[in-house]
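Engineer: structure-v4.cif is reproduced below (mmCIF, C-alpha atoms).
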data_coords
#
loop_
_atom_site.label_atom_id
_atom_site.label_comp_id
_atom_site.auth_asym_id
_atom_site.auth_seq_id
_atom_site.Cartn_x
_atom_site.Cartn_y
_atom_site.Cartn_z
CA MET A 194 -64.11 14.78 20.64
CA ASP A 195 -61.71 13.60 17.92
CA ARG A 196 -61.05 16.95 16.32
CA LEU A 197 -60.96 20.48 17.69
CA LEU A 198 -60.57 23.48 15.45
CA PHE A 199 -60.04 27.13 16.35
CA GLU A 200 -60.17 29.56 13.44
CA GLY A 201 -57.37 32.10 13.66
CA THR A 202 -58.08 35.80 14.01
CA LYS A 203 -55.80 38.81 13.67
CA MET A 204 -54.69 38.33 17.27
CA THR A 205 -55.32 34.65 18.04
CA PRO A 206 -53.81 31.58 16.42
CA SER A 207 -55.39 28.92 14.30
CA ILE A 208 -55.38 25.62 16.19
CA ILE A 209 -56.13 22.15 14.87
CA LEU A 210 -56.17 19.25 17.31
CA ASP A 211 -56.61 16.01 15.36
CA LYS A 212 -56.69 12.93 17.53
CA ASP A 213 -56.86 10.44 14.66
CA ALA A 214 -53.73 11.83 13.04
CA GLY A 215 -52.01 12.31 16.38
CA GLU A 216 -51.02 15.79 15.20
CA PHE A 217 -51.68 19.13 16.79
CA PHE A 218 -51.00 22.30 14.89
CA ILE A 219 -50.77 25.90 16.17
CA SER A 220 -50.16 28.64 13.62
CA GLY A 221 -50.49 32.38 13.06
CA THR A 222 -50.32 35.11 15.69
CA SER A 223 -50.93 34.80 19.41
CA ARG A 224 -51.79 37.92 21.43
CA PRO A 225 -55.05 36.93 23.14
CA GLU A 226 -56.57 39.38 25.61
CA ASN A 227 -57.00 36.61 28.16
CA PRO A 228 -54.44 33.91 27.37
CA MET A 229 -55.53 31.50 30.11
CA GLU A 230 -59.16 31.61 28.99
CA PHE A 231 -58.17 31.20 25.34
CA TYR A 232 -55.84 28.23 25.84
CA LYS A 233 -57.77 26.45 28.62
CA PRO A 234 -59.89 24.28 26.26
CA ILE A 235 -56.75 23.22 24.41
CA PHE A 236 -55.10 21.99 27.59
CA GLU A 237 -58.29 20.19 28.57
CA TRP A 238 -58.55 18.57 25.16
CA LEU A 239 -54.92 17.44 25.26
CA GLU A 240 -55.29 16.01 28.76
CA ALA A 241 -58.29 14.00 27.56
CA HIS A 242 -56.34 12.90 24.48
CA PHE A 243 -53.42 11.58 26.52
CA GLU A 244 -55.79 9.68 28.84
CA SER A 245 -56.78 7.37 26.01
CA ASN A 246 -53.79 7.56 23.71
CA SER A 247 -51.27 4.86 22.91
CA SER A 248 -49.71 6.15 19.68
CA LYS A 249 -47.28 8.95 18.84
CA THR A 250 -48.36 12.55 19.45
CA VAL A 251 -46.76 15.36 17.46
CA LEU A 252 -47.21 19.04 18.27
CA LYS A 253 -46.38 21.41 15.40
CA VAL A 254 -45.94 25.11 16.16
CA GLN A 255 -45.70 27.59 13.32
CA LEU A 256 -46.23 31.04 14.75
CA ASP A 257 -45.43 34.32 13.01
CA TYR A 258 -45.58 36.24 16.24
CA PHE A 259 -46.54 35.74 19.90
CA ASN A 260 -46.42 37.93 22.98
CA THR A 261 -44.75 37.13 26.29
CA SER A 262 -47.97 35.89 27.90
CA THR A 263 -48.19 33.35 25.12
CA SER A 264 -44.53 32.39 25.76
CA LYS A 265 -45.58 31.29 29.21
CA ILE A 266 -48.53 29.32 27.83
CA LEU A 267 -46.31 27.64 25.22
CA LEU A 268 -43.84 26.60 27.90
CA ASP A 269 -46.75 25.19 29.95
CA LEU A 270 -47.79 23.24 26.87
CA PHE A 271 -44.30 21.85 26.35
CA GLU A 272 -44.13 20.94 30.04
CA LEU A 273 -47.38 19.02 29.65
CA PHE A 274 -45.76 17.07 26.79
CA GLU A 275 -42.65 16.56 28.93
CA ALA A 276 -44.77 15.13 31.78
CA LYS A 277 -46.57 12.81 29.39
CA ALA A 278 -43.24 11.62 27.97
CA GLU A 279 -42.13 10.80 31.52
CA ASP A 280 -45.35 8.76 31.85
CA GLY A 281 -44.33 6.73 28.81
CA GLN A 282 -46.11 8.57 25.99
CA ASP A 283 -44.32 8.95 22.66
CA VAL A 284 -44.33 12.72 22.04
CA HIS A 285 -42.48 15.07 19.74
CA VAL A 286 -42.56 18.84 19.09
CA ILE A 287 -41.67 20.53 15.81
CA TRP A 288 -41.13 24.29 15.87
CA TYR A 289 -41.23 25.87 12.40
CA PHE A 290 -39.87 29.27 11.40
CA GLU A 291 -39.55 31.23 8.15
CA GLU A 292 -36.09 30.72 6.70
CA ASP A 293 -34.94 34.30 7.34
CA ASP A 294 -36.69 34.67 10.69
CA GLU A 295 -33.89 34.40 13.27
CA GLU A 296 -36.15 35.85 15.97
CA MET A 297 -38.66 33.03 15.71
CA GLN A 298 -35.91 30.42 15.45
CA GLU A 299 -34.25 31.71 18.61
CA ALA A 300 -37.59 31.97 20.41
CA GLY A 301 -38.30 28.30 19.68
CA GLU A 302 -34.85 27.20 20.78
CA GLU A 303 -35.07 29.23 23.97
CA LEU A 304 -38.45 27.75 24.93
CA LEU A 305 -37.67 24.16 24.02
CA ASP A 306 -34.28 24.23 25.74
CA LEU A 307 -36.21 24.65 28.99
CA VAL A 308 -37.80 21.20 28.73
CA SER A 309 -36.49 17.65 28.36
CA ILE A 310 -38.40 16.54 25.34
CA SER A 311 -37.86 15.26 21.82
CA TYR A 312 -38.02 18.28 19.48
CA GLU A 313 -36.88 19.88 16.23
CA VAL A 314 -36.56 23.57 15.35
CA LYS A 315 -36.55 23.88 11.60
CA ALA A 316 -37.27 26.18 8.66
CA LYS A 317 -40.63 25.75 7.00
CA ASP A 318 -40.78 23.50 3.92
CA TYR A 319 -42.53 24.88 0.86
CA MET B 92 -54.26 66.88 31.16
CA SER B 93 -52.10 64.68 28.93
CA LEU B 94 -49.43 66.37 26.84
CA PRO B 95 -50.05 66.67 23.08
CA ILE B 96 -48.77 63.54 21.40
CA PHE B 97 -45.97 65.30 19.49
CA LYS B 98 -44.52 66.49 22.79
CA LEU B 99 -44.06 62.87 23.82
CA MET B 100 -41.25 62.50 21.35
CA GLU B 101 -39.84 66.04 21.54
CA ASN B 102 -39.32 65.71 25.27
CA PHE B 103 -36.99 62.78 24.65
CA GLY B 104 -34.98 64.56 21.96
CA VAL B 105 -36.45 62.90 18.87
CA PRO B 106 -35.55 65.03 15.82
CA LYS B 107 -38.46 67.09 14.47
CA GLU B 108 -37.83 65.64 11.01
CA ALA B 109 -38.44 62.09 12.25
CA LYS B 110 -41.21 60.48 10.20
CA GLU B 111 -44.33 59.32 11.98
CA LEU B 112 -45.20 55.67 11.40
CA ILE B 113 -48.27 55.53 13.61
CA THR B 114 -50.02 57.36 16.43
CA LEU B 115 -52.84 56.19 18.69
CA ASN B 116 -54.44 58.66 21.04
CA GLU B 117 -57.57 57.32 22.70
CA PRO B 118 -58.56 54.95 25.49
CA PHE B 119 -56.65 51.74 24.70
CA ASP B 120 -58.23 48.37 24.35
CA TRP B 121 -57.12 45.05 22.84
CA ASN B 122 -58.95 45.77 19.63
CA ASN B 123 -57.61 49.21 18.77
CA THR B 124 -54.07 48.35 19.87
CA GLY B 125 -54.31 45.19 17.77
CA GLU B 126 -55.29 47.31 14.75
CA ALA B 127 -52.39 49.66 15.52
CA ILE B 128 -49.93 46.75 15.61
CA LEU B 129 -51.16 45.50 12.24
CA GLU B 130 -50.99 48.98 10.71
CA LEU B 131 -47.49 49.51 12.04
CA GLU B 132 -46.48 46.08 10.74
CA SER B 133 -47.56 47.09 7.23
CA HIS B 134 -45.49 50.31 7.43
CA VAL B 135 -42.48 48.43 8.80
CA GLU B 136 -42.74 45.82 6.05
CA GLU B 137 -41.99 48.57 3.53
CA LEU B 138 -38.78 49.64 5.29
CA ASN B 139 -35.46 48.51 3.91
CA ILE B 140 -34.36 46.73 7.08
CA THR B 141 -33.67 43.11 8.02
CA THR B 142 -36.41 40.67 8.97
CA LYS B 143 -34.81 40.49 12.41
CA SER B 144 -35.23 44.26 12.86
CA LYS B 145 -38.83 44.11 11.66
CA LYS B 146 -39.61 41.35 14.14
CA GLN B 147 -37.90 43.25 16.94
CA ILE B 148 -39.99 46.34 16.28
CA ASN B 149 -43.16 44.25 16.28
CA LYS B 150 -42.16 42.45 19.48
CA ILE B 151 -41.23 45.59 21.41
CA VAL B 152 -44.25 47.60 20.29
CA THR B 153 -46.60 44.73 21.12
CA GLU B 154 -45.16 44.38 24.61
CA THR B 155 -45.45 48.13 25.27
CA LEU B 156 -49.08 48.17 24.11
CA ASP B 157 -49.89 44.99 26.07
CA ASN B 158 -48.44 46.72 29.09
CA VAL B 159 -50.72 49.74 28.69
CA CYS B 160 -53.78 47.55 28.08
CA ARG B 161 -53.11 45.49 31.20
CA HIS B 162 -51.96 48.14 33.65
CA ALA B 163 -53.21 51.63 32.70
CA ILE B 164 -56.11 53.28 34.41
CA GLN B 165 -58.69 53.16 31.64
CA GLY B 166 -61.89 55.05 30.96
CA GLU B 167 -63.48 57.56 28.60
CA SER B 168 -61.53 60.49 30.00
CA LYS B 169 -58.39 58.48 30.72
CA LEU B 170 -56.56 58.82 27.45
CA SER B 171 -53.50 56.79 26.72
CA CYS B 172 -51.29 57.51 23.76
CA PHE B 173 -48.74 55.74 21.63
CA SER B 174 -46.48 57.05 18.95
CA CYS B 175 -43.86 55.41 16.75
CA LYS B 176 -41.47 57.37 14.51
CA ILE B 177 -38.43 56.64 12.39
CA HIS B 178 -35.31 58.67 11.70
CA ASP B 179 -32.22 57.26 9.96
CA ASN B 180 -31.73 53.77 11.39
CA LYS B 181 -33.63 54.42 14.60
CA ILE B 182 -37.21 53.66 15.53
CA PHE B 183 -38.61 55.70 18.41
CA VAL B 184 -41.46 54.28 20.47
CA ALA B 185 -43.34 56.14 23.19
CA THR B 186 -46.40 55.31 25.26
CA ARG B 187 -48.09 57.42 27.88
CA ASN B 188 -50.79 56.33 30.29
CA LEU B 189 -52.24 56.96 33.70
CA ILE B 190 -51.20 54.82 36.64
CA GLN B 191 -52.01 54.88 40.34
CA ASN B 192 -49.50 56.89 42.37
CA ASN B 193 -48.79 53.85 44.53
CA GLN B 194 -47.39 52.08 41.44
CA VAL B 195 -44.77 54.75 40.77
CA GLY B 196 -42.10 53.51 43.17
CA GLN B 197 -42.39 49.91 42.03
CA ILE B 198 -42.14 50.80 38.32
CA LEU B 199 -39.22 53.17 38.98
CA MET B 200 -37.26 50.49 40.82
CA MET B 201 -38.03 47.84 38.21
CA ILE B 202 -36.86 49.94 35.25
CA GLU B 203 -33.73 51.17 37.04
CA ASP B 204 -32.92 47.57 37.88
CA LEU B 205 -33.38 46.49 34.25
CA ASN B 206 -31.28 49.41 33.00
CA SER B 207 -28.41 48.44 35.28
CA SER B 208 -28.37 44.80 34.04
CA ASP B 209 -26.36 43.56 31.07
CA LYS B 210 -27.86 41.46 28.28
CA ASP B 211 -26.65 38.15 29.67
CA GLU B 212 -28.26 38.92 33.02
CA LEU B 213 -31.48 39.98 31.31
CA ASN B 214 -31.59 36.81 29.24
CA GLU B 215 -30.99 34.70 32.34
CA ARG B 216 -33.68 36.52 34.29
CA TYR B 217 -36.10 36.21 31.39
CA ARG B 218 -35.60 32.43 31.25
CA HIS B 219 -35.90 32.15 35.03
CA GLN B 220 -39.17 34.10 35.05
CA LEU B 221 -40.46 32.09 32.09
CA LYS B 222 -39.72 28.82 33.87
CA ASN B 223 -40.74 29.79 37.40
CA GLY B 224 -43.28 32.59 37.02
CA LYS B 225 -47.04 32.19 36.82
CA LEU B 226 -49.63 33.93 34.69
CA ASP B 227 -51.86 36.06 36.90
CA ASP B 228 -55.60 36.45 36.38
CA GLY B 229 -54.99 39.44 34.13
CA GLY B 230 -52.76 37.39 31.84
CA ASN B 231 -49.56 39.05 33.04
CA ALA B 232 -46.52 36.76 33.02
CA GLY B 233 -44.06 39.33 34.42
CA LEU B 234 -42.02 39.06 31.22
CA GLY B 235 -42.96 42.16 29.22
CA PHE B 236 -40.41 44.65 30.55
CA LEU B 237 -37.70 41.99 30.62
CA GLU B 238 -38.39 41.26 26.97
CA ILE B 239 -38.28 44.96 26.09
CA ALA B 240 -35.03 45.49 28.02
CA ARG B 241 -33.19 42.56 26.48
CA ARG B 242 -34.21 43.53 22.93
CA THR B 243 -33.29 47.22 23.05
CA LYS B 244 -29.64 48.27 22.98
CA GLU B 245 -30.31 51.62 24.62
CA MET B 246 -31.62 52.06 28.12
CA ILE B 247 -35.33 52.31 28.80
CA ARG B 248 -36.21 55.96 29.36
CA PHE B 249 -39.25 57.10 31.28
CA ASN B 250 -40.83 59.78 33.40
CA PHE B 251 -43.72 60.30 35.77
CA GLU B 252 -45.86 63.43 36.08
CA SER B 253 -48.48 64.00 38.74
CA ASN B 254 -51.97 64.33 37.37
CA GLU B 255 -54.55 64.21 40.12
CA VAL B 256 -54.34 63.34 43.79
CA ASN B 257 -54.24 59.60 43.18
CA ASP B 258 -52.71 59.20 39.74
CA SER B 259 -49.78 60.12 37.53
CA TYR B 260 -48.88 59.96 33.87
CA PHE B 261 -46.23 57.34 33.09
CA THR B 262 -44.30 57.85 29.87
CA LEU B 263 -42.14 55.10 28.45
CA PHE B 264 -39.66 55.87 25.67
CA LEU B 265 -37.63 53.31 23.70
CA ILE B 266 -35.14 53.44 20.87
CA ILE B 267 -34.75 50.47 18.53
CA GLU B 268 -31.71 50.42 16.30
CA THR B 269 -32.43 48.74 12.99
CA GLU B 270 -30.09 46.94 10.57
CA ASN B 271 -30.17 47.06 6.79
#
For the file at hand, write its structure as structure tokens.
Structural biologist:
Amino acid sequence: MDRLLFEGTKMTPSIILDKDAGEFFISGTSRPENPMEFYKPIFEWLEAHFESNSSKTVLKVQLDYFNTSTSKILLDLFELFEAKAEDGQDVHVIWYFEEDDEEMQEAGEELLDLVSISYEVKAKDY
Amino acid sequence: MSLPIFKLMENFGVPKEAKELITLNEPFDWNNTGEAILELESHVEELNITTKSKKQINKIVTETLDNVCRHAIQGESKLSCFSCKIHDNKIFVATRNLIQNNQVGQILMMIEDLNSSDKDELNERYRHQLKNGKLDDGGNAGLGFLEIARRTKEMIRFNFESNEVNDSYFTLFLIIETEN
């Protein structure tokens, strides 16, 4: 599967996993009723991607809001990228926030400070 | 029988002239609490407060409603309620739901512990739980109350009232100070 797309809803994020581009994009709001069930296929897809990947992989996160259960899932996701970097994969995470959204900036910094990984936390470009 | 919703706020000293932003008074599920969050967000967007304050309100309210959805005794006759009001620069948030009596002691100890911790301790504990905790089968990461405590300047207020032999009403009351 080269491309996986989840349409966003009022409480779940939009997710695009594009193997050809080596870019993975999560955006919108994340408050799923069952976070493990919702994110499980994404983890499985990423694991399969890294099995056969030799080029750079970039994860872009651009969330307006997420709950604390999603915080845990996001950290798990970053830890997966950290593990793959230790295995020699070239990975990078970009965390976007609205220019005046200190909360989302701080949330990104707090999460990404917990992993040893190449990352940027930056305001969205328009 | 659950108290009328307006009593939720009165019992914690919220001024009568405080303006209601939203009230939900029915069995909670992810759908109706999701709608309530979106409706509240639209009301909050119209307030003349900073983006940071708006995000804090959204974050705290979402965590309180998540908490009710995950932990309350639910059912047709098991009403939960939620109310959010504003007065001057303060947002008042209250939820009320049924819990098992055997949960009372654990919740009491947890909130008293959070209330006796300063913000640096709460931030440290949050990060520790985030890094070392696990999501349980119900999707609970053990972070909700920590997040609420570290984002509210005032202490978490609460009470328990016996309902039937095996359950009690748990009321949670929070004050969020906003900035212009």
Engineer: Up to 12 Å from chain B, what residues of chain A turn up? Count all atoms listed in the file and give them as a PyMOL selection string.
Structural biologist: chain A and resi 202-205+222-232+257-269+271-272+291-300+302-308
Engineer: Please measure the separation of atom CA of B:Pro118 and atom CA of B:Leu170, giving the value in Å to one decimal.
Structural biologist: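 Here the two named atoms are 4.8 Å from each other.
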Engineer: Give me the residues near stretch 282-289 of chain A as a ChimeraX atom specification, where near means some atom within 7 Å (using all atoms listed in the file) and where sequence neighbours in that chain fewer than 4 positions away do not count.
Structural biologist: /A:248-255,274,277-278,301,311-317
Engineer: Around all of stretch 307-319 of chain A's listed atoms, make the axis-aligned box with 3 Å on each side and tell me centre and edge lengths in Å to one decimal, as JSON.
Structural biologist:
{"center_x": -39.4, "center_y": 20.7, "center_z": 14.9, "size_x": 12.3, "size_y": 16.9, "size_z": 34.1}
Engineer: By how many Å are atom CA of B:Ile113 and atom CA of B:Asn188 apart?
Structural biologist: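 For atom CA of B:Ile113 relative to atom CA of B:Asn188, the distance reads 16.9 Å.
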Engineer: For the PyMOL selection byres ((chain A and resi 210) around 10), applied here, can you spell out every residue it catches as an MDAnalysis selection string?
Structural biologist: chainID A and resid 194:199 208:209 211:219 235 238:239 242 252
Engineer: How many Å separate atom CA of B:Glu117 from atom CA of B:Glu130?
Structural biologist: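 So the two atoms, atom CA of B:Glu117 and atom CA of B:Glu130, lie 16.0 Å apart.
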Engineer: Please determine, counting all atoms listed in the file, which residue among B:Gln194, B:Asn206, B:Ser174, B:Asn123 has the shortest atom-to-atom distance to B:Glu111.
Structural biologist: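 Among the listed residues, the smallest separation from B:Glu111 belongs to B:Ser174.
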Engineer: I need the residue nearest B:Val152 from this list: B:Lys110, B:Arg242, B:His178, B:Arg248. Use all atoms listed in the file for the distance.
Structural biologist: B:Arg242
Engineer: Please identify all polymer residues lying at most 10 Å from the point (-39.7, 62.9, 14.7) (file coordinates), using only C-alpha atoms, and present the result as a list of chain:residue names.
Structural biologist: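 Residues lying no farther than 10 Å from the given point: B:Phe97, B:Met100, B:Glu101, B:Gly104, B:Val105, B:Pro106, B:Lys107, B:Glu108, B:Ala109, B:Lys110, B:Glu111, B:Leu112, B:Ser174, B:Cys175, B:Lys176, B:Ile177, B:His178, B:Ile182, B:Phe183.
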Engineer: Given the choices B:Asn254, B:Thr124, B:Ser208, B:Asn116, which gets closest to B:Gln191 if the distance is worked out from all atoms listed in the file?
Structural biologist: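 Looking at the shortest contact to B:Gln191, the residue is B:Asn254.
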